[in-house]
Amino acid sequence: MCPWFESRWHHMKAKDLTSFAFFIFPHLEILTDKSRRPILAAMETELTEHLVFSDIPGLAQALDAMVEGRSQLFLLTDSKVAACVLPALIAESESVRRAHIIEVESGEGSKCIEIAHHIWSQLAESHASRNDLLINLGGGMITDLGGFIGSTYKRGMAFMHIPTSLMAMTDAAIGGKTGIDHDSIKNLIGTYAPASQVLICPQFLQTLPLNELYSGFAEMLKHALVADQDLWYQLTELGAITPSTIQPFIKQSLEIKKRICQADPLENGSRKLLNFGHTFGHAVESVFLDVKNPIPHGYAVAIGMMTETYLSLDISGLSVDQRNHILNTMNRIFSVLPLEKLPDFNDLVKYLRNDKKNSQSESLNFTLLAHIGNGVYDQHVSLKQAENAWQQMLIA
Ligand SMILES: NC(=O)c1ccc[n+]([C@@H]2O[C@H](COP(=O)([O-])OP(=O)(O)OC[C@H]3O[C@@H](n4cnc5c(N)ncnc54)[C@H](O)[C@@H]3O)[C@@H](O)[C@H]2O)c1
Ligand SMILES: [Zn+2]
């Protein structure tokens, strides 16, 4: 690349890149159609609209206006969301009434190639075109799976997310990572492909089971721990964790995720901050998935964050006071949940090594904490240090 171009390239933001691309390639309007999402994957977190609605009729009205002109609509959801959430949307939205409903079993087990195959077949049988629209209505399992389908069917069809779990509203629906699990390894196969719109309505949380609310809350705590000290204290001083106490913080939490993803859409650097708690978290989740006893993603992340808080003392300079404060707070918050017997370190090792961040090295790559509100990424940890942290976690 010539030096002039290279220096401009590094300083351009996503929208500038789009305008620049227009200048170079006058026929590029086809690429900027939001239905051609994968082509602009690296830029689109800035182009994705994230809208928060105070009630379901408001969301339904906006949805109807947005989808006008799409000939076929497909709505992907899971069996529990179909029972708890879909009826209210059918009552309010003309577009949901005319959509082809594709329903899969609820639970992480549906985030797999067999179910993806089934959905691709349904789209093909209905002659879905790239300009038809896929609406992903559900938790993070549906937004990951539906994003994967949307970004691969005919090399990318238009899709939007309507997240219904706290996890999906604050995390999974934002930032364009899609994927399915493979041989119990979480998210091994996937794409970067943000939705064109993310329509959020906290009213959906009224029917979310309490353990799933806590699961999403764990990711909100993660956003606070790596990027916003004030938010950490606000969240951890909430008396009770209910949809109404959490609601005021949803926007703030998703904005952290959005800001981090916009700065580094393809996770070459600072987006790794969002992996705090996930190296151990994904390994724990995979062990339970392997024995067909899945635990909510956020539980695994909470366990991962506690283990990685132990590591942060040794590796990234977290103070003893802050370590103790984080561990005591997390133990207090998550003590309401039934805790499964945790696996031995030996059962975790293969998944720790399989973590996408640890592709070729002997040491493991972690995101840790320097202090509350300040995460640090690319922290190299030996297997022995990781084992020590896990042993501390087990006896705590
Ligand atoms: N792509 C990303 O950036 C990203 C980020 C975080 C998590 N994830 C993925 O998201 C998934 C976890 O998301 P999740 O916790 O939402 O899981 P989930 O989608 O499995 O939902 C959890 C449970 O809640 C039910 N549910 C959802 N909304 C409901 C509602 N309003 N009322 C009643 N029940 C409802 C679901 O049917 C399911 O049983 C994992 O696969 C994880 O890997 C992805
Ligand atoms: Zn997560």
# chains A, B, ... in the order shown; residues from 1 in each chain; ligands from 1
$ closest_atom_pairs --of "chain A" --to "ligand 1" --cutoff "6 Å" --atoms "only C-alpha atoms and all ligand atoms" --output "tab-separated table"
residue	atom	partner	partner_atom_place_in_ligand_line	distance
A:Asp78	CA	ligand 1	37 (O)	5.7
A:Lys80	CA	ligand 1	37 (O)	4.3
A:Val81	CA	ligand 1	37 (O)	5.1
A:Cys84	CA	ligand 1	32 (N)	5.3
A:Val85	CA	ligand 1	31 (N)	5.9
A:Ser106	CA	ligand 1	37 (O)	4.6
A:Gly107	CA	ligand 1	20 (O)	4.5
A:Glu108	CA	ligand 1	20 (O)	5.3
A:Gly138	CA	ligand 1	28 (N)	5.2
A:Gly139	CA	ligand 1	19 (O)	3.1
A:Gly140	CA	ligand 1	10 (O)	3.2
A:Met141	CA	ligand 1	19 (O)	3.7
A:Ile142	CA	ligand 1	19 (O)	5.5
A:Asp144	CA	ligand 1	1 (N)	5.4
A:Thr164	CA	ligand 1	28 (N)	4.2
A:Ser165	CA	ligand 1	28 (N)	4.1
A:Met167	CA	ligand 1	16 (O)	4.7
A:Ala168	CA	ligand 1	16 (O)	5.0
A:Asp171	CA	ligand 1	5 (C)	4.9
A:Ala172	CA	ligand 1	5 (C)	3.4
A:Lys177	CA	ligand 1	1 (N)	4.3
A:Thr178	CA	ligand 1	1 (N)	5.2
A:Phe204	CA	ligand 1	31 (N)	4.6
A:Leu205	CA	ligand 1	31 (N)	4.9
A:Thr207	CA	ligand 1	32 (N)	4.1
A:Leu208	CA	ligand 1	32 (N)	3.7
A:Glu212	CA	ligand 1	22 (C)	5.8
A:Pro296	CA	ligand 1	15 (O)	5.9
A:His297	CA	ligand 1	12 (C)	5.2
$ write_last_selection --atoms "N, CA and C atoms" --output "CSV table (one decimal), in the first residue's frame"
chain,number,residue,atom,x,y,z
A,78,ASP,N,-37.1,-19.1,19.3
A,78,ASP,CA,-37.0,-20.4,19.9
A,78,ASP,C,-38.3,-20.7,20.6
A,80,LYS,N,-39.3,-21.2,23.7
A,80,LYS,CA,-39.8,-20.5,24.8
A,80,LYS,C,-40.2,-19.1,24.5
A,81,VAL,N,-39.4,-18.5,23.6
A,81,VAL,CA,-39.7,-17.1,23.2
A,81,VAL,C,-41.0,-17.1,22.4
A,84,CYS,N,-43.6,-17.1,25.1
A,84,CYS,CA,-43.7,-16.0,26.1
A,84,CYS,C,-43.7,-14.6,25.4
A,85,VAL,N,-43.1,-14.4,24.2
A,85,VAL,CA,-43.0,-13.1,23.7
A,85,VAL,C,-43.7,-12.9,22.4
A,106,SER,N,-35.6,-24.2,22.3
A,106,SER,CA,-34.8,-23.3,23.1
A,106,SER,C,-33.6,-24.0,23.7
A,107,GLY,N,-32.5,-23.2,23.9
A,107,GLY,CA,-31.3,-23.8,24.6
A,107,GLY,C,-30.1,-23.8,23.7
A,108,GLU,N,-28.9,-23.8,24.3
A,108,GLU,CA,-27.7,-23.7,23.6
A,108,GLU,C,-27.5,-24.8,22.5
A,138,GLY,N,-35.1,-13.3,20.0
A,138,GLY,CA,-34.8,-14.2,21.0
A,138,GLY,C,-33.6,-13.8,21.8
A,139,GLY,N,-33.0,-14.7,22.6
A,139,GLY,CA,-31.8,-14.4,23.4
A,139,GLY,C,-30.6,-14.6,22.5
A,140,GLY,N,-29.4,-14.6,23.2
A,140,GLY,CA,-28.2,-14.7,22.4
A,140,GLY,C,-28.0,-15.9,21.6
A,141,MET,N,-28.7,-17.0,22.0
A,141,MET,CA,-28.6,-18.2,21.1
A,141,MET,C,-29.2,-17.9,19.8
A,142,ILE,N,-30.3,-17.2,19.8
A,142,ILE,CA,-31.0,-16.9,18.5
A,142,ILE,C,-30.3,-15.8,17.7
A,144,ASP,N,-27.1,-15.2,17.8
A,144,ASP,CA,-25.8,-15.8,17.2
A,144,ASP,C,-26.2,-16.7,16.0
A,164,THR,N,-34.4,-10.6,23.3
A,164,THR,CA,-35.5,-10.7,24.3
A,164,THR,C,-34.9,-11.0,25.7
A,165,SER,N,-33.6,-11.4,25.7
A,165,SER,CA,-33.0,-11.7,27.1
A,165,SER,C,-32.1,-10.5,27.4
A,167,MET,N,-29.0,-10.7,28.4
A,167,MET,CA,-27.8,-11.1,27.7
A,167,MET,C,-27.7,-10.5,26.3
A,168,ALA,N,-28.8,-10.8,25.6
A,168,ALA,CA,-28.8,-10.4,24.1
A,168,ALA,C,-29.0,-8.9,24.0
A,171,ASP,N,-25.5,-7.4,25.1
A,171,ASP,CA,-24.2,-8.0,24.7
A,171,ASP,C,-24.4,-8.7,23.3
A,172,ALA,N,-25.1,-9.8,23.3
A,172,ALA,CA,-25.0,-10.7,22.1
A,172,ALA,C,-25.5,-10.1,20.8
A,177,LYS,N,-20.8,-10.3,16.1
A,177,LYS,CA,-20.2,-11.7,16.1
A,177,LYS,C,-21.4,-12.6,16.0
A,178,THR,N,-21.3,-13.6,15.0
A,178,THR,CA,-22.3,-14.6,14.9
A,178,THR,C,-21.6,-15.9,15.0
A,204,PHE,N,-39.7,-6.9,27.4
A,204,PHE,CA,-39.6,-8.3,27.1
A,204,PHE,C,-39.1,-9.0,28.3
A,205,LEU,N,-38.3,-8.3,29.2
A,205,LEU,CA,-37.7,-9.0,30.3
A,205,LEU,C,-38.7,-9.5,31.4
A,207,THR,N,-40.9,-11.6,31.3
A,207,THR,CA,-41.1,-13.1,31.3
A,207,THR,C,-39.8,-13.9,31.4
A,208,LEU,N,-38.7,-13.2,31.4
A,208,LEU,CA,-37.4,-13.9,31.5
A,208,LEU,C,-37.2,-14.5,32.8
A,212,GLU,N,-31.9,-16.4,34.2
A,212,GLU,CA,-31.4,-15.8,32.9
A,212,GLU,C,-31.2,-14.3,33.1
A,296,PRO,N,-26.3,-21.6,32.0
A,296,PRO,CA,-26.4,-20.3,31.3
A,296,PRO,C,-25.1,-19.7,31.1
A,297,HIS,N,-24.9,-19.1,29.9
A,297,HIS,CA,-23.6,-18.5,29.5
A,297,HIS,C,-23.1,-17.5,30.6
$ residues_around --residues "stretch 255-258 of chain A" --least-positions-apart "2" --cutoff "8 Å" --atoms "only C-alpha atoms" --output "ChimeraX atom specification"
/A:45,170-171,174-175,223,227,251-253,260-262,274
$ write_last_selection --atoms "C-alpha atoms" --output "PDB file, in the first residue's frame"
ATOM      1  CA  THR A  45     -21.040  -1.554  13.735  1.00  0.00           C
ATOM      2  CA  THR A 170     -26.705  -5.687  26.382  1.00  0.00           C
ATOM      3  CA  ASP A 171     -24.228  -7.960  24.653  1.00  0.00           C
ATOM      4  CA  ILE A 174     -24.355  -5.884  19.564  1.00  0.00           C
ATOM      5  CA  GLY A 175     -21.087  -5.940  17.652  1.00  0.00           C
ATOM      6  CA  HIS A 223     -18.651  -4.254  30.831  1.00  0.00           C
ATOM      7  CA  ALA A 227     -14.445  -0.086  31.122  1.00  0.00           C
ATOM      8  CA  LYS A 251     -28.522   1.521  27.400  1.00  0.00           C
ATOM      9  CA  GLN A 252     -25.332   2.400  29.283  1.00  0.00           C
ATOM     10  CA  SER A 253     -24.167  -1.199  29.184  1.00  0.00           C
ATOM     11  CA  ILE A 260     -15.495  -1.021  22.180  1.00  0.00           C
ATOM     12  CA  CYS A 261     -16.648  -2.853  19.042  1.00  0.00           C
ATOM     13  CA  GLN A 262     -16.632   0.291  16.930  1.00  0.00           C
ATOM     14  CA  LEU A 274     -14.736  -7.945  26.200  1.00  0.00           C
TER      15      LEU A 274
END
$ select_by_dssp --residues "stretch 55-185 of chain A" --states "strand (DSSP E or B)" --output "ChimeraX atom specification"
/A:73-78,100-104,133-138,158-163,177,180-182,185
$ residues_near_ligand --ligand "ligand 2" --cutoff "10 Å" --atoms "only C-alpha atoms and all ligand atoms" --output "list in words"
Gly140, Met167, Ala168, Asp171, Ala172, Ser215, Gly216, Ala218, Glu219, Met220, Lys222, Leu274, Asn275, Phe276, Gly277, His278, Gly281, His282, His297, Gly298, Tyr299, Ala300, Val301 and Ala302 of chain A
$ write_last_selection --atoms "C-alpha atoms" --output "JSON list (two decimals), in the first residue's frame"
[["chain", "number", "residue", "atom", "x", "y", "z"],
["A", 140, "GLY", "CA", -28.16, -14.68, 22.44],
["A", 167, "MET", "CA", -27.76, -11.06, 27.72],
["A", 168, "ALA", "CA", -28.82, -10.37, 24.14],
["A", 171, "ASP", "CA", -24.23, -7.96, 24.65],
["A", 172, "ALA", "CA", -24.98, -10.71, 22.13],
["A", 215, "SER", "CA", -26.88, -14.48, 33.49],
["A", 216, "GLY", "CA", -27.23, -11.23, 31.52],
["A", 218, "ALA", "CA", -22.97, -10.99, 34.68],
["A", 219, "GLU", "CA", -22.11, -9.52, 31.26],
["A", 220, "MET", "CA", -23.21, -6.06, 32.44],
["A", 222, "LYS", "CA", -18.10, -7.42, 32.88],
["A", 274, "LEU", "CA", -14.74, -7.95, 26.20],
["A", 275, "ASN", "CA", -13.16, -11.38, 26.67],
["A", 276, "PHE", "CA", -12.64, -10.81, 30.39],
["A", 277, "GLY", "CA", -14.05, -13.86, 32.17],
["A", 278, "HIS", "CA", -14.46, -15.73, 28.89],
["A", 281, "GLY", "CA", -15.92, -19.02, 31.17],
["A", 282, "HIS", "CA", -16.05, -20.67, 27.74],
["A", 297, "HIS", "CA", -23.61, -18.49, 29.52],
["A", 298, "GLY", "CA", -23.52, -15.72, 32.13],
["A", 299, "TYR", "CA", -23.03, -18.21, 35.00],
["A", 300, "ALA", "CA", -19.98, -19.56, 33.24],
["A", 301, "VAL", "CA", -18.76, -16.01, 32.64],
["A", 302, "ALA", "CA", -19.29, -15.12, 36.31]]
$ closest_residue --among "A:Gln234, A:Ser244, A:Thr77, A:Gln391" --to "A:Leu311" --atoms "only C-alpha atoms"
A:Gln391
$ residues_around --residues "stretch 286-294 of chain A" --least-positions-apart "2" --cutoff "8 Å" --atoms "only C-alpha atoms" --output "VMD selection string"
chain A and resid 108 to 109 183 to 186 282 to 284 296 343 347 to 348 351
$ write_last_selection --atoms "C-alpha atoms" --output "compact mmCIF listing (two decimals), in the first residue's frame"
# COMPACT_ATOMS: atom_id res chain seq x y z
CA GLU A 108 -27.67 -23.71 23.56
CA GLY A 109 -28.05 -27.16 21.91
CA ASP A 183 -18.10 -30.48 19.08
CA SER A 184 -18.94 -28.63 22.32
CA ILE A 185 -16.45 -25.88 21.52
CA LYS A 186 -18.27 -22.59 21.85
CA HIS A 282 -16.05 -20.67 27.74
CA ALA A 283 -14.04 -23.64 29.02
CA VAL A 284 -16.47 -24.17 31.92
CA PRO A 296 -26.44 -20.28 31.30
CA PRO A 343 -15.03 -29.33 36.86
CA ASP A 347 -11.23 -31.22 32.23
CA LEU A 348 -10.84 -27.55 31.35
CA TYR A 351 -10.98 -26.07 26.05
$ atom_distance --atom1 "atom CA of A:Asp230" --atom2 "atom CA of A:Asp55"
27.8 Å
$ decode --residues "stretch 206-230 of chain A" --atoms "C-alpha atoms" --output "compact mmCIF listing (two decimals), in the first residue's frame"
# COMPACT_ATOMS: atom_id res chain seq x y z
CA GLN A 206 -40.89 -9.41 32.32
CA THR A 207 -41.13 -13.06 31.28
CA LEU A 208 -37.41 -13.87 31.45
CA PRO A 209 -36.63 -16.47 34.18
CA LEU A 210 -34.65 -15.03 37.11
CA ASN A 211 -31.58 -17.18 36.47
CA GLU A 212 -31.42 -15.82 32.92
CA LEU A 213 -31.67 -12.27 34.27
CA TYR A 214 -28.65 -12.96 36.46
CA SER A 215 -26.88 -14.48 33.49
CA GLY A 216 -27.23 -11.23 31.52
CA PHE A 217 -26.35 -9.21 34.60
CA ALA A 218 -22.97 -10.99 34.68
CA GLU A 219 -22.11 -9.52 31.26
CA MET A 220 -23.21 -6.06 32.44
CA LEU A 221 -20.80 -6.43 35.37
CA LYS A 222 -18.10 -7.42 32.88
CA HIS A 223 -18.65 -4.25 30.83
CA ALA A 224 -18.34 -2.24 34.05
CA LEU A 225 -15.22 -4.08 35.24
CA VAL A 226 -13.28 -3.59 32.01
CA ALA A 227 -14.45 -0.09 31.12
CA ASP A 228 -16.55 1.85 33.64
CA GLN A 229 -15.79 1.99 37.34
CA ASP A 230 -18.87 4.15 38.16
